[in-house]
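Here the structure comes first, spelled out in structure tokens, and everything after it is commentary.
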Amino acid sequence: MPQIDDAELFGNVEDQRAYEDFCANQEAVEKFTLDKPALVCRWRMSHKKVPMLNRHIRALSERMVQGEPLTHNMLSWAKQHVEWSLAEGDYTARDGVLMLVIDVNGNAAMTVGEYEPLADTSAKALRARSAEARSEADETGVAPELLAAVNDGELAFVAPADECLCGTATLIEQLAQTKGIPVTRVDIPAQLKGALFLVSDEHGVVPATETEAAEADAATVAFFADGYEKLRARR
């Protein structure tokens, strides 16, 4: 996985010049209408920042556009542009959603919008969202949302064993490890049992409203949700 290290970016004059040219081109692109979107990332914000930006950038480095990985310049531009634009931007959605759009030509733009919670958090609705995200992963390599469940104290994600997890899912995986909770992956949603929930880069941890689950398993999902919210609350 590429390491996004700003120090490496300016290791020599040629790299710096190439990066500056790339940034100038991206600034010009944002003034025009992008071509057909090939990748759209939605990352939740808090206090004019993206709390899990490094996790999101690592997952972005594993995504594909038109069958090709994103360039190092694109990844570095995305990271720095988010940090600078959110800190200096004039907008009202301080706790909204940042949307990164990369078109079929490899051009990118960013925008910020208000956050809207999911209106339907039933198991059926969460399964439908995860199915859409799985279709996206088939094209880009990473699902922005995953269906997961805690059953008998074990966490399971619906994801291929070798697939890079989205940023939020890596946080949940790490939280599970801090509690000694086993983490596995399954191939299809039907294999999930217990306390069902959605893991989303946009919505965080979303428990299914009507699932029947053991109290201890539901409490574990609540622990994941609380950990996510505590991270968002940091300034």
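Letters for chains follow the order of the structure tokens (A, B, ...), residue numbers begin at 1 for each chain, and ligand numbers begin at 1 in the order shown.
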### Task
Would you list the contacts of stretch 178-183 of chain A as number ranges by chain, taking every protein, DNA or RNA residue within 7 Å and counting only C-alpha atoms, but skipping same-chain residues closer than 4 positions in sequence?
A: 153-156, 174
Could you save those same residues with C-alpha atoms as a compact mmCIF listing (two decimals), in the first residue's frame?
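The result, stored in result_13.txt:
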# COMPACT_ATOMS: atom_id res chain seq x y z
CA GLY A 153 -18.78 -11.88 20.89
CA GLU A 154 -17.31 -12.20 17.39
CA LEU A 155 -17.28 -9.45 14.76
CA ALA A 156 -17.86 -10.35 11.10
CA GLN A 174 -9.03 -1.70 15.54
#### Entry: Close residues, A:Leu60 itself excluded, 12 Å, only C-alpha atoms, min 3 positions apart in chain, as a ChimeraX atom specification
/A:1-4,39-43,53-57,63-65,69-72,74-76,78-79,100-102,137,140-144,164-167,201
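Comparing the minimum interatomic distances between A:Arg58 and each of A:Glu88, A:Thr170, A:Ala125, A:Thr209, counting only C-alpha atoms, we find that A:Thr170 sits nearest.
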### Query
Using the chain letters and numbers from this document, which residues of stretch 64-134 of chain A does DSSP assign to strand (DSSP E or B), as a list in words?
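Checking each residue of stretch 64-134 of chain A, the strand (DSSP E or B) ones are Met64, Val65, Glu68, Pro69, Val97, Leu98, Met99, Leu100, Val101, Ile102, Asp103, Ala108, Ala109, Met110, Thr111, Val112 and Gly113 of chain A.
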### alpha helix (DSSP H) call set, DSSP backbone run, stretch 56-217 of chain A, as a VMD selection string
chain A and resid 56 to 60 72 to 88 123 to 140 167 to 178 215 to 217
#### Entry: Using only C-alpha atoms: which of A:Ala131, A:Ile172, A:Ala119, A:Ala38 has the shortest distance to A:Asp226
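For A:Asp226, the nearest of the candidates is A:Ile172.
Checking A:Thr220, A:Asn151, A:Thr121, A:Thr168 one by one against A:Arg232, counting only C-alpha atoms, you find the shortest gap at A:Thr168.
Nearest to A:Arg129 of all the residues A:Gln177, A:Phe197, A:Gly96, A:Gln191 is A:Phe197, counting only C-alpha atoms.
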### Query
To one decimal place, how far is atom CA of A:Asp90 from atom CA of A:Asn107 in Å?
23.3 Å
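Minimum atom-to-atom distance to A:Val205, evaluated using only C-alpha atoms, belongs to A:Arg44 out of A:Arg44, A:Arg185, A:Lys49, A:Arg134.
Omitting A:Asp95 and its sequence neighbours fewer than 2 positions away, and counting only C-alpha atoms, the residues within 6 Å are A:Met45, A:Ser46, A:His47, A:Ala93.
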### Task
Please identify all polymer residues within 9 Å of stretch 212-214 of chain A, counting only C-alpha atoms, omitting same-chain residues fewer than 6 positions from it, and present them as a list in words.
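Final neighbour list, sorted by chain and number: Val150, Asn151, Asp152, Lys193, Gly194, Ala195 and Leu196 of chain A.
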Residues as selected, all heavy atoms, written as a short mmCIF file (atom, residue, chain, number, x, y, z; two decimals), in the first residue's frame, can you do that?
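Listed below is the output, part_26.cif:
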data_model
loop_
_atom_site.label_atom_id
_atom_site.label_comp_id
_atom_site.auth_asym_id
_atom_site.auth_seq_id
_atom_site.Cartn_x
_atom_site.Cartn_y
_atom_site.Cartn_z
N VAL A 150 -22.22 -8.59 15.08
CA VAL A 150 -21.55 -9.18 16.24
C VAL A 150 -22.42 -10.32 16.72
O VAL A 150 -23.60 -10.14 17.02
CB VAL A 150 -21.34 -8.15 17.36
CG1 VAL A 150 -20.73 -8.84 18.58
CG2 VAL A 150 -20.46 -7.01 16.89
N ASN A 151 -21.83 -11.50 16.78
CA ASN A 151 -22.57 -12.69 17.22
C ASN A 151 -21.70 -13.51 18.16
O ASN A 151 -20.57 -13.87 17.82
CB ASN A 151 -22.98 -13.54 16.00
CG ASN A 151 -23.85 -14.71 16.39
OD1 ASN A 151 -24.85 -14.55 17.10
ND2 ASN A 151 -23.49 -15.91 15.95
N ASP A 152 -22.22 -13.76 19.37
CA ASP A 152 -21.47 -14.51 20.39
C ASP A 152 -20.09 -13.90 20.61
O ASP A 152 -19.08 -14.61 20.76
CB ASP A 152 -21.33 -15.98 19.98
CG ASP A 152 -22.67 -16.71 20.06
OD1 ASP A 152 -23.55 -16.26 20.83
OD2 ASP A 152 -22.83 -17.71 19.35
N LYS A 193 -25.03 -13.32 11.55
CA LYS A 193 -25.99 -13.57 12.61
C LYS A 193 -25.72 -12.60 13.75
O LYS A 193 -24.64 -12.02 13.85
CB LYS A 193 -25.86 -15.01 13.12
CG LYS A 193 -26.18 -16.09 12.09
CD LYS A 193 -26.01 -17.47 12.71
CE LYS A 193 -26.31 -18.56 11.68
NZ LYS A 193 -26.14 -19.92 12.26
N GLY A 194 -26.72 -12.40 14.61
CA GLY A 194 -26.53 -11.55 15.78
C GLY A 194 -26.93 -10.11 15.54
O GLY A 194 -27.89 -9.81 14.83
N ALA A 195 -26.17 -9.18 16.15
CA ALA A 195 -26.47 -7.74 16.10
C ALA A 195 -25.94 -7.16 14.79
O ALA A 195 -24.73 -6.98 14.62
CB ALA A 195 -25.84 -7.04 17.29
N LEU A 196 -26.86 -6.87 13.89
CA LEU A 196 -26.50 -6.39 12.55
C LEU A 196 -26.30 -4.88 12.55
O LEU A 196 -27.03 -4.14 13.20
CB LEU A 196 -27.62 -6.77 11.58
CG LEU A 196 -27.36 -6.56 10.08
CD1 LEU A 196 -26.39 -7.61 9.56
CD2 LEU A 196 -28.69 -6.63 9.31
#
### Query
Which residue out of A:Pro207, A:Val50, A:Ala128, A:Val158 has the minimum interatomic distance to A:Ala190 when only C-alpha atoms are used?
A:Val158
### Interatomic distance (Å, one decimal) between atom CA of A:Glu145 and atom CA of A:Ser200
4.3 Å
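Atom pair atom CA of A:Thr184 / atom CA of A:Ala149 has a distance of 10.2 Å (rounded to one decimal).
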### Message
as a list in words, please: the residues near A:His81 (cut-off 9 Å, only C-alpha atoms, same-chain neighbours under 4 positions excluded).
### Response
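Everything that qualifies: Cys23, Ser76, Trp77, Ser85, Leu86 and Met110 of chain A.
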#### Entry: Spatial neighbours of A:Lys230, max dist 12 Å, only C-alpha atoms, sep filter under 2 positions, as a PyMOL selection string
chain A and resi 46+51-52+171+175+204+223-228+232-235
Would you mind exporting N, CA and C atoms of the selected residues as an mmCIF file, in the first residue's frame?
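Here's the written file again-v8.cif:
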data_model
loop_
_atom_site.group_PDB
_atom_site.id
_atom_site.type_symbol
_atom_site.label_atom_id
_atom_site.label_comp_id
_atom_site.auth_asym_id
_atom_site.auth_seq_id
_atom_site.Cartn_x
_atom_site.Cartn_y
_atom_site.Cartn_z
ATOM 1 N N SER A 46 -16.203 16.818 10.966
ATOM 2 C CA SER A 46 -16.481 17.278 12.318
ATOM 3 C C SER A 46 -15.602 18.490 12.590
ATOM 4 N N PRO A 51 -12.087 13.701 10.527
ATOM 5 C CA PRO A 51 -11.338 13.070 11.628
ATOM 6 C C PRO A 51 -10.509 11.857 11.218
ATOM 7 N N MET A 52 -11.005 11.080 10.272
ATOM 8 C CA MET A 52 -10.286 9.863 9.876
ATOM 9 C C MET A 52 -9.624 10.024 8.512
ATOM 10 N N LEU A 171 -11.280 1.442 11.506
ATOM 11 C CA LEU A 171 -11.412 1.907 12.883
ATOM 12 C C LEU A 171 -12.154 0.874 13.728
ATOM 13 N N LEU A 175 -10.880 -1.089 17.009
ATOM 14 C CA LEU A 175 -11.590 -1.061 18.284
ATOM 15 C C LEU A 175 -11.858 -2.482 18.785
ATOM 16 N N GLY A 204 -20.969 6.378 9.583
ATOM 17 C CA GLY A 204 -20.367 5.781 10.770
ATOM 18 C C GLY A 204 -20.907 4.397 11.059
ATOM 19 N N PHE A 223 -20.645 -0.081 21.641
ATOM 20 C CA PHE A 223 -19.255 0.289 21.933
ATOM 21 C C PHE A 223 -18.556 0.804 20.678
ATOM 22 N N PHE A 224 -18.782 0.142 19.554
ATOM 23 C CA PHE A 224 -18.194 0.595 18.288
ATOM 24 C C PHE A 224 -18.732 1.974 17.918
ATOM 25 N N ALA A 225 -20.041 2.155 18.047
ATOM 26 C CA ALA A 225 -20.657 3.436 17.704
ATOM 27 C C ALA A 225 -20.120 4.549 18.599
ATOM 28 N N ASP A 226 -19.961 4.258 19.876
ATOM 29 C CA ASP A 226 -19.449 5.247 20.819
ATOM 30 C C ASP A 226 -18.006 5.605 20.507
ATOM 31 N N GLY A 227 -17.205 4.606 20.154
ATOM 32 C CA GLY A 227 -15.820 4.873 19.797
ATOM 33 C C GLY A 227 -15.708 5.753 18.571
ATOM 34 N N TYR A 228 -16.575 5.498 17.595
ATOM 35 C CA TYR A 228 -16.597 6.316 16.380
ATOM 36 C C TYR A 228 -16.968 7.757 16.715
ATOM 37 N N ARG A 232 -14.913 11.433 16.370
ATOM 38 C CA ARG A 232 -15.455 12.589 15.671
ATOM 39 C C ARG A 232 -15.478 13.830 16.567
ATOM 40 N N ALA A 233 -15.664 13.638 17.869
ATOM 41 C CA ALA A 233 -15.796 14.762 18.790
ATOM 42 C C ALA A 233 -14.471 15.426 19.112
ATOM 43 N N ARG A 234 -13.378 14.766 18.803
ATOM 44 C CA ARG A 234 -12.074 15.347 19.097
ATOM 45 C C ARG A 234 -11.845 16.597 18.241
ATOM 46 N N ARG A 235 -11.232 17.597 18.837
ATOM 47 C CA ARG A 235 -10.897 18.824 18.117
ATOM 48 C C ARG A 235 -9.408 18.892 17.836
#
